[in-house]
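Source file: upload_28.pdb (PDB, C-alpha atoms)
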```pdb
ATOM      1  CA  ALA A  26     -36.497 -90.893  51.388
ATOM      2  CA  GLY A  27     -36.711 -92.481  54.861
ATOM      3  CA  GLY A  28     -32.924 -92.278  55.240
ATOM      4  CA  ARG A  29     -32.937 -88.570  54.473
ATOM      5  CA  LEU A  30     -35.743 -87.949  56.908
ATOM      6  CA  ALA A  31     -33.951 -89.902  59.636
ATOM      7  CA  ALA A  32     -30.724 -88.003  58.955
ATOM      8  CA  ALA A  33     -32.605 -84.699  59.130
ATOM      9  CA  ASP A  34     -34.239 -85.796  62.392
ATOM     10  CA  VAL A  35     -30.872 -86.785  63.849
ATOM     11  CA  ALA A  36     -29.380 -83.450  62.769
ATOM     12  CA  ALA A  37     -32.320 -81.560  64.314
ATOM     13  CA  VAL A  38     -32.020 -83.515  67.569
ATOM     14  CA  ARG A  39     -28.255 -82.899  67.640
ATOM     15  CA  LYS A  40     -28.759 -79.197  67.007
ATOM     16  CA  ALA A  41     -31.430 -78.981  69.714
ATOM     17  CA  ALA A  42     -29.163 -80.814  72.184
ATOM     18  CA  GLY A  43     -26.232 -78.575  71.268
ATOM     19  CA  ASP A  44     -28.374 -75.455  71.715
ATOM     20  CA  ALA A  45     -29.654 -76.687  75.074
ATOM     21  CA  ASN A  46     -26.089 -77.445  76.176
ATOM     22  CA  PHE A  47     -24.987 -73.984  75.017
ATOM     23  CA  ARG A  48     -27.809 -72.258  76.940
ATOM     24  CA  ALA A  49     -27.190 -74.325  80.092
ATOM     25  CA  SER A  50     -23.456 -73.620  79.910
ATOM     26  CA  HIS A  51     -24.062 -69.885  79.515
ATOM     27  CA  ALA A  52     -26.565 -69.843  82.373
ATOM     28  CA  GLN A  53     -24.135 -71.614  84.722
ATOM     29  CA  CYS A  54     -21.189 -69.464  83.678
ATOM     30  CA  ARG A  55     -23.257 -66.270  83.942
ATOM     31  CA  LEU A  56     -24.244 -67.165  87.513
ATOM     32  CA  LEU A  57     -20.635 -67.892  88.513
ATOM     33  CA  TRP A  58     -19.417 -64.753  86.744
ATOM     34  CA  SER A  59     -21.946 -62.558  88.568
ATOM     35  CA  ARG A  60     -20.548 -63.791  91.909
ATOM     36  CA  CYS A  61     -17.015 -63.148  90.750
ATOM     37  CA  ALA A  62     -17.792 -59.698  89.307
ATOM     38  CA  ALA A  63     -19.522 -58.669  92.544
ATOM     39  CA  SER A  64     -16.485 -59.815  94.505
ATOM     40  CA  LEU A  65     -14.106 -57.818  92.300
ATOM     41  CA  ALA A  66     -16.361 -54.743  92.468
ATOM     42  CA  ALA A  67     -16.417 -54.923  96.260
ATOM     43  CA  LEU A  68     -12.628 -55.072  96.278
ATOM     44  CA  ARG A  69     -12.404 -51.845  94.297
ATOM     45  CA  ALA A  70     -14.300 -50.032  97.046
ATOM     46  CA  VAL A  71     -11.988 -50.917  99.942
ATOM     47  CA  LEU A  72     -10.357 -48.122 101.900
ATOM     48  CA  LEU A  73      -6.962 -49.776 102.291
ATOM     49  CA  PRO A  74      -6.041 -51.314  98.928
ATOM     50  CA  SER A  75      -3.664 -54.215  98.616
ATOM     51  CA  ARG A  76      -2.330 -55.879  95.494
ATOM     52  CA  ARG A  77      -2.047 -59.180  97.344
ATOM     53  CA  ARG A  78      -5.723 -59.037  98.206
ATOM     54  CA  PHE A  79      -6.501 -58.265  94.556
ATOM     55  CA  HIS A  80      -4.473 -61.240  93.328
ATOM     56  CA  ALA A  81      -6.053 -63.513  95.949
ATOM     57  CA  ARG A  82      -9.529 -62.393  94.851
ATOM     58  CA  VAL A  83      -8.695 -63.069  91.187
ATOM     59  CA  GLU A  84      -7.463 -66.543  92.176
ATOM     60  CA  ARG A  85     -10.702 -67.127  94.083
ATOM     61  CA  CYS A  86     -12.637 -66.040  90.989
ATOM     62  CA  ASN A  87     -10.576 -68.467  88.931
ATOM     63  CA  ASP A  88     -11.535 -71.228  91.359
ATOM     64  CA  THR A  89     -15.176 -70.134  91.215
ATOM     65  CA  LEU A  90     -15.145 -70.245  87.426
ATOM     66  CA  SER A  91     -13.797 -73.799  87.478
ATOM     67  CA  GLY A  92     -17.476 -74.793  87.620
ATOM     68  CA  CYS A  93     -17.993 -73.019  84.319
ATOM     69  CA  VAL A  94     -17.756 -75.775  81.718
ATOM     70  CA  GLY A  95     -19.041 -76.351  78.247
ATOM     71  CA  PRO A  96     -19.159 -74.068  75.231
ATOM     72  CA  ALA A  97     -19.277 -70.854  77.318
ATOM     73  CA  ALA A  98     -16.241 -71.687  79.463
ATOM     74  CA  ALA A  99     -13.638 -70.194  77.117
ATOM     75  CA  GLU A 100     -15.527 -66.894  76.851
ATOM     76  CA  TYR A 101     -15.879 -66.462  80.608
ATOM     77  CA  HIS A 102     -12.300 -67.504  81.388
ATOM     78  CA  GLU A 103     -11.126 -64.992  78.785
ATOM     79  CA  ARG A 104     -13.397 -62.395  80.378
ATOM     80  CA  LEU A 105     -11.741 -63.060  83.765
ATOM     81  CA  ALA A 106      -8.271 -62.730  82.243
ATOM     82  CA  LEU A 107      -9.210 -59.405  80.627
ATOM     83  CA  GLU A 108     -10.829 -58.168  83.828
ATOM     84  CA  ALA A 109      -7.772 -59.191  85.836
ATOM     85  CA  GLY A 110      -5.409 -57.355  83.472
ATOM     86  CA  LYS A 111      -7.553 -54.238  83.281
ATOM     87  CA  GLY A 112      -8.274 -54.387  86.990
ATOM     88  CA  GLU A 113      -4.612 -54.740  87.857
ATOM     89  CA  GLU A 114      -3.681 -51.588  85.922
ATOM     90  CA  GLU A 115      -6.558 -49.661  87.443
ATOM     91  CA  PHE A 116      -5.896 -51.058  90.900
ATOM     92  CA  ASN A 117      -2.153 -50.293  90.782
ATOM     93  CA  ALA A 118      -2.811 -46.714  89.648
ATOM     94  CA  ARG A 119      -5.356 -46.222  92.441
ATOM     95  CA  PHE A 120      -3.126 -47.992  94.960
ATOM     96  CA  HIS A 121      -0.064 -45.885  94.147
ATOM     97  CA  GLY A 122      -2.177 -42.724  94.039
ATOM     98  CA  GLN A 123      -3.561 -43.362  97.514
ATOM     99  CA  LEU A 124      -0.114 -44.159  98.884
ATOM    100  CA  SER A 125       1.349 -41.007  97.330
ATOM    101  CA  HIS A 126      -1.503 -38.895  98.662
ATOM    102  CA  ALA A 127      -1.125 -40.337 102.166
ATOM    103  CA  LEU A 128       2.637 -39.807 102.156
ATOM    104  CA  PHE A 129       2.201 -36.255 100.872
ATOM    105  CA  LEU A 130      -0.290 -35.484 103.655
ATOM    106  CA  LEU A 131       2.020 -37.081 106.208
ATOM    107  CA  CYS A 132       4.924 -34.900 105.019
ATOM    108  CA  VAL A 133       2.878 -31.688 105.015
ATOM    109  CA  GLY A 134       1.409 -32.563 108.415
ATOM    110  CA  GLY A 135       4.908 -33.219 109.726
ATOM    111  CA  ILE A 136       6.203 -29.933 108.334
ATOM    112  CA  LEU A 137       3.370 -27.963 109.941
ATOM    113  CA  THR A 138       3.605 -29.886 113.223
ATOM    114  CA  PHE A 139       7.347 -29.470 113.549
ATOM    115  CA  ARG A 140       7.201 -25.818 112.551
ATOM    116  CA  TYR A 141       4.329 -24.613 114.763
ATOM    117  CA  VAL A 142       3.365 -27.212 117.379
ATOM    118  CA  ALA A 143       6.394 -29.249 118.439
ATOM    119  CA  VAL A 144       9.114 -26.936 117.176
ATOM    120  CA  SER A 145      11.999 -28.993 115.852
ATOM    121  CA  ALA A 146      14.019 -27.638 112.957
ATOM    122  CA  LEU A 147      15.717 -30.982 112.332
ATOM    123  CA  ALA A 148      12.431 -32.904 112.131
ATOM    124  CA  GLU A 149      10.959 -30.197 109.867
ATOM    125  CA  VAL A 150      13.941 -30.435 107.526
ATOM    126  CA  GLY A 151      13.545 -34.226 107.544
ATOM    127  CA  CYS A 152       9.911 -33.858 106.458
ATOM    128  CA  TRP A 153      10.915 -31.408 103.719
ATOM    129  CA  LEU A 154      13.588 -33.832 102.485
ATOM    130  CA  LEU A 155      11.121 -36.721 102.508
ATOM    131  CA  LEU A 156       8.616 -34.617 100.569
ATOM    132  CA  ALA A 157      11.261 -33.642  98.025
ATOM    133  CA  SER A 158      12.499 -37.217  97.635
ATOM    134  CA  VAL A 159       9.000 -38.610  97.173
ATOM    135  CA  GLU A 160       7.577 -35.922  94.888
ATOM    136  CA  LEU A 161      10.495 -34.345  93.035
ATOM    137  CA  LEU A 162      13.372 -36.809  92.676
ATOM    138  CA  PRO A 163      11.567 -39.404  90.521
ATOM    139  CA  ARG A 164      10.412 -36.662  88.149
ATOM    140  CA  LEU A 165      13.873 -35.088  88.000
ATOM    141  CA  ALA A 166      15.420 -38.496  87.261
ATOM    142  CA  ALA A 167      12.928 -39.008  84.416
ATOM    143  CA  LEU A 168      13.674 -35.539  83.049
ATOM    144  CA  ALA A 169      17.385 -36.336  83.157
ATOM    145  CA  GLN A 170      16.584 -39.165  80.724
ATOM    146  CA  PHE A 171      14.934 -36.578  78.428
ATOM    147  CA  SER A 172      11.526 -38.187  78.648
ATOM    148  CA  PRO A 173       8.733 -35.690  79.316
ATOM    149  CA  VAL A 174       6.160 -38.518  79.316
ATOM    150  CA  ALA A 175       8.110 -40.435  81.949
ATOM    151  CA  ALA A 176       8.522 -37.220  83.959
ATOM    152  CA  ALA A 177       4.758 -36.728  84.061
ATOM    153  CA  THR A 178       4.105 -40.279  85.235
ATOM    154  CA  ALA A 179       7.225 -40.883  87.346
ATOM    155  CA  SER A 180       6.508 -42.161  90.801
ATOM    156  CA  VAL A 181       8.593 -43.091  93.787
ATOM    157  CA  TRP A 182       6.729 -46.416  93.865
ATOM    158  CA  GLU A 183       8.391 -47.463  90.590
ATOM    159  CA  THR A 184      11.872 -47.379  92.129
ATOM    160  CA  ALA A 185      13.446 -50.369  93.889
ATOM    161  CA  ALA A 186      13.115 -48.672  97.287
ATOM    162  CA  GLY A 187       9.500 -47.785  96.552
ATOM    163  CA  LYS A 188       8.657 -51.354  95.540
ATOM    164  CA  ALA A 189      10.292 -52.647  98.741
ATOM    165  CA  ALA A 190       8.301 -50.138 100.820
ATOM    166  CA  VAL A 191       5.068 -51.235  99.138
ATOM    167  CA  GLU A 192       5.885 -54.890  99.840
ATOM    168  CA  ARG A 193       6.513 -54.111 103.534
ATOM    169  CA  TYR A 194       3.283 -52.107 103.686
ATOM    170  CA  GLU A 195       1.283 -54.933 102.142
ATOM    171  CA  ARG A 196       2.821 -57.579 104.391
ATOM    172  CA  ARG A 197       1.933 -55.542 107.479
ATOM    173  CA  LEU A 198      -1.523 -54.636 106.165
ATOM    174  CA  ILE A 199      -2.415 -58.204 105.242
ATOM    175  CA  ASN A 200      -1.006 -59.605 108.488
ATOM    176  CA  TRP A 201      -2.919 -56.964 110.463
ATOM    177  CA  ALA A 202      -6.126 -57.636 108.527
ATOM    178  CA  ILE A 203      -5.829 -61.400 109.001
ATOM    179  CA  HIS A 204      -5.032 -60.990 112.705
ATOM    180  CA  SER A 205      -7.972 -58.585 113.152
ATOM    181  CA  TYR A 206     -10.333 -60.955 111.346
ATOM    182  CA  LEU A 207      -9.213 -63.985 113.321
ATOM    183  CA  SER A 208      -9.377 -62.157 116.666
ATOM    184  CA  SER A 209     -12.903 -60.980 115.886
ATOM    185  CA  LYS A 210     -13.840 -64.624 115.218
ATOM    186  CA  GLY A 211     -12.055 -65.861 118.343
ATOM    187  CA  GLY A 212      -9.455 -67.832 116.392
ATOM    188  CA  CYS A 213      -6.361 -65.802 117.284
ATOM    189  CA  ARG A 214      -5.471 -64.788 120.824
TER     190      ARG A 214
END
```
Please render this file's structure as structure tokens.
Amino acid sequence: AGGRLAAADVAAVRKAAGDANFRASHAQCRLLWSRCAASLAALRAVLLPSRRRFHARVERCNDTLSGCVGPAAAEYHERLALEAGKGEEEFNARFHGQLSHALFLLCVGGILTFRYVAVSALAEVGCWLLLASVELLPRLAALAQFSPVAAATASVWETAAGKAAVERYERRLINWAIHSYLSSKGGCR
């Protein structure tokens, strides 16, 4: 009977230690995840979005979660992967939407400026052509493929030229942001 009691005591101690480890792991991972989630939420609120900044923030979160060990680690790393995938889709849609909106406003502003303020027929036609190429041509190309779904979601940013323009925009934006940050800290003259 003593052997059974000792085995039951050992099992109870093991279970208690396992439960304590599980709770401690979850507490540590929850703390690290709250920092990471706050960081990702702050990134969603920025005025000038950048995919590079998003990917860098996800990498930083991955580094932050490296301190998440134990039984809860797999759950929180999976949570980060899901958040990164969902966030990337959401971020890209928002990013492309803001770029399209800004380009549309730039075209309309150019059309109105070159029609009424600084009269230039050639510049006005250029703005009209840019507006047509950005808004209409991707949708017409999708319709030519007989895909009404693709026509509704077609975007100039999905073309090779659009992807190259986005890359140039991000390189300039990130370089400008880094330069601005460093000059405000006195590290770049």
Atom CA of A:Gly92 to atom CA of A:Glu108, straight-line distance in Å: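 Result for atom CA of A:Glu108 versus atom CA of A:Gly92: 18.3 Å, one decimal.
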Evaluate the PyMOL selection byres ((chain A and resi 142-155) around 12) and report residues as a list in words: Ser125, Leu128, Phe129, Leu130, Leu131, Cys132, Val133, Gly134, Gly135, Ile136, Leu137, Thr138, Phe139, Arg140, Tyr141, Leu156, Ala157, Ser158, Val159, Glu160, Leu161, Leu162 and Val181 of chain A
The selected residues should be written to file as a compact mmCIF listing (two decimals), in the coordinates of the input (atoms: C-alpha atoms).
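Resulting contents of result16.txt:
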```txt
# COMPACT_ATOMS: atom_id res chain seq x y z
CA SER A 125 1.35 -41.01 97.33
CA LEU A 128 2.64 -39.81 102.16
CA PHE A 129 2.20 -36.26 100.87
CA LEU A 130 -0.29 -35.48 103.66
CA LEU A 131 2.02 -37.08 106.21
CA CYS A 132 4.92 -34.90 105.02
CA VAL A 133 2.88 -31.69 105.02
CA GLY A 134 1.41 -32.56 108.42
CA GLY A 135 4.91 -33.22 109.73
CA ILE A 136 6.20 -29.93 108.33
CA LEU A 137 3.37 -27.96 109.94
CA THR A 138 3.60 -29.89 113.22
CA PHE A 139 7.35 -29.47 113.55
CA ARG A 140 7.20 -25.82 112.55
CA TYR A 141 4.33 -24.61 114.76
CA LEU A 156 8.62 -34.62 100.57
CA ALA A 157 11.26 -33.64 98.02
CA SER A 158 12.50 -37.22 97.64
CA VAL A 159 9.00 -38.61 97.17
CA GLU A 160 7.58 -35.92 94.89
CA LEU A 161 10.50 -34.34 93.04
CA LEU A 162 13.37 -36.81 92.68
CA VAL A 181 8.59 -43.09 93.79
```
What box, with edges along x, y and z, holds each listed atom of stretch 104-116 of chain A when 5 Å is added on every side, and can you state its centre and edge lengths in Å to one decimal, as AutoDock Vina command-line options?
```
--center_x -8.5 --center_y -56.4 --center_z 85.6 --size_x 19.7 --size_y 23.4 --size_z 20.5
```
Non-local contacts of A:Leu105 (9 Å; all atoms listed in the file; under 5 positions in same chain excluded) as a list in words: Trp58, Cys61, Ala62, Val83, Cys86, Asn87, Leu90, Glu100 and Gly110 of chain A
Atomic separation - atom CA of A:Gly187 relative to atom CA of A:Leu124, Å: 10.5 Å
Length of the atom CA of A:Gln123 to atom CA of A:Ala66 vector [Å]: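 We find that atom CA of A:Gln123 and atom CA of A:Ala66 lie 17.9 Å from each other.
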Best match for closeness to A:Pro163 among A:Glu103, A:Glu114, A:Glu84, A:Glu183, counting only C-alpha atoms: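 Going through A:Glu103, A:Glu114, A:Glu84, A:Glu183 one by one, the smallest distance to A:Pro163 is for A:Glu183.
Take the candidates A:Glu113, A:His102, A:Arg82, A:Ala127 and check each one against A:Ser64 using only C-alpha atoms; the shortest distance goes to A:Arg82.
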Ground truth for the PyMOL selection byres ((chain A and resi 69) around 12), written as a list in words: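 Written out, the selection comes to Ala62, Ala63, Ser64, Leu65, Ala66, Ala67, Leu68, Ala70, Val71, Leu72, Leu73, Pro74, Ser75, Arg76, Arg78, Phe79, Arg82, Gly112, Glu113, Glu115, Phe116, Asn117, Ala118, Arg119 and Phe120 of chain A.
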Residue nearest A:Gln53 - candidates A:Ala81, A:Ala31, A:Val38, A:Cys93, atoms counted: all atoms listed in the file: A:Cys93
Nearest candidate to A:Ser91 (options A:Ala106, A:Cys54, A:Ser59, A:Ala37; using only C-alpha atoms): A:Cys54
Hits of the PyMOL selection byres ((chain A and resi 51) around 9) in this structure, as a ChimeraX atom specification: /A:46-50,52-56,93-98,101
Go ahead and dump the residues you just picked, C-alpha atoms, as a PDB file, in the coordinates of the input.
```pdb
ATOM      1  CA  ASN A  46     -26.089 -77.445  76.176  1.00  0.00           C
ATOM      2  CA  PHE A  47     -24.987 -73.984  75.017  1.00  0.00           C
ATOM      3  CA  ARG A  48     -27.809 -72.258  76.940  1.00  0.00           C
ATOM      4  CA  ALA A  49     -27.190 -74.325  80.092  1.00  0.00           C
ATOM      5  CA  SER A  50     -23.456 -73.620  79.910  1.00  0.00           C
ATOM      6  CA  ALA A  52     -26.565 -69.843  82.373  1.00  0.00           C
ATOM      7  CA  GLN A  53     -24.135 -71.614  84.722  1.00  0.00           C
ATOM      8  CA  CYS A  54     -21.189 -69.464  83.678  1.00  0.00           C
ATOM      9  CA  ARG A  55     -23.257 -66.270  83.942  1.00  0.00           C
ATOM     10  CA  LEU A  56     -24.244 -67.165  87.513  1.00  0.00           C
ATOM     11  CA  CYS A  93     -17.993 -73.019  84.319  1.00  0.00           C
ATOM     12  CA  VAL A  94     -17.756 -75.775  81.718  1.00  0.00           C
ATOM     13  CA  GLY A  95     -19.041 -76.351  78.247  1.00  0.00           C
ATOM     14  CA  PRO A  96     -19.159 -74.068  75.231  1.00  0.00           C
ATOM     15  CA  ALA A  97     -19.277 -70.854  77.318  1.00  0.00           C
ATOM     16  CA  ALA A  98     -16.241 -71.687  79.463  1.00  0.00           C
ATOM     17  CA  TYR A 101     -15.879 -66.462  80.608  1.00  0.00           C
TER      18      TYR A 101
END
```
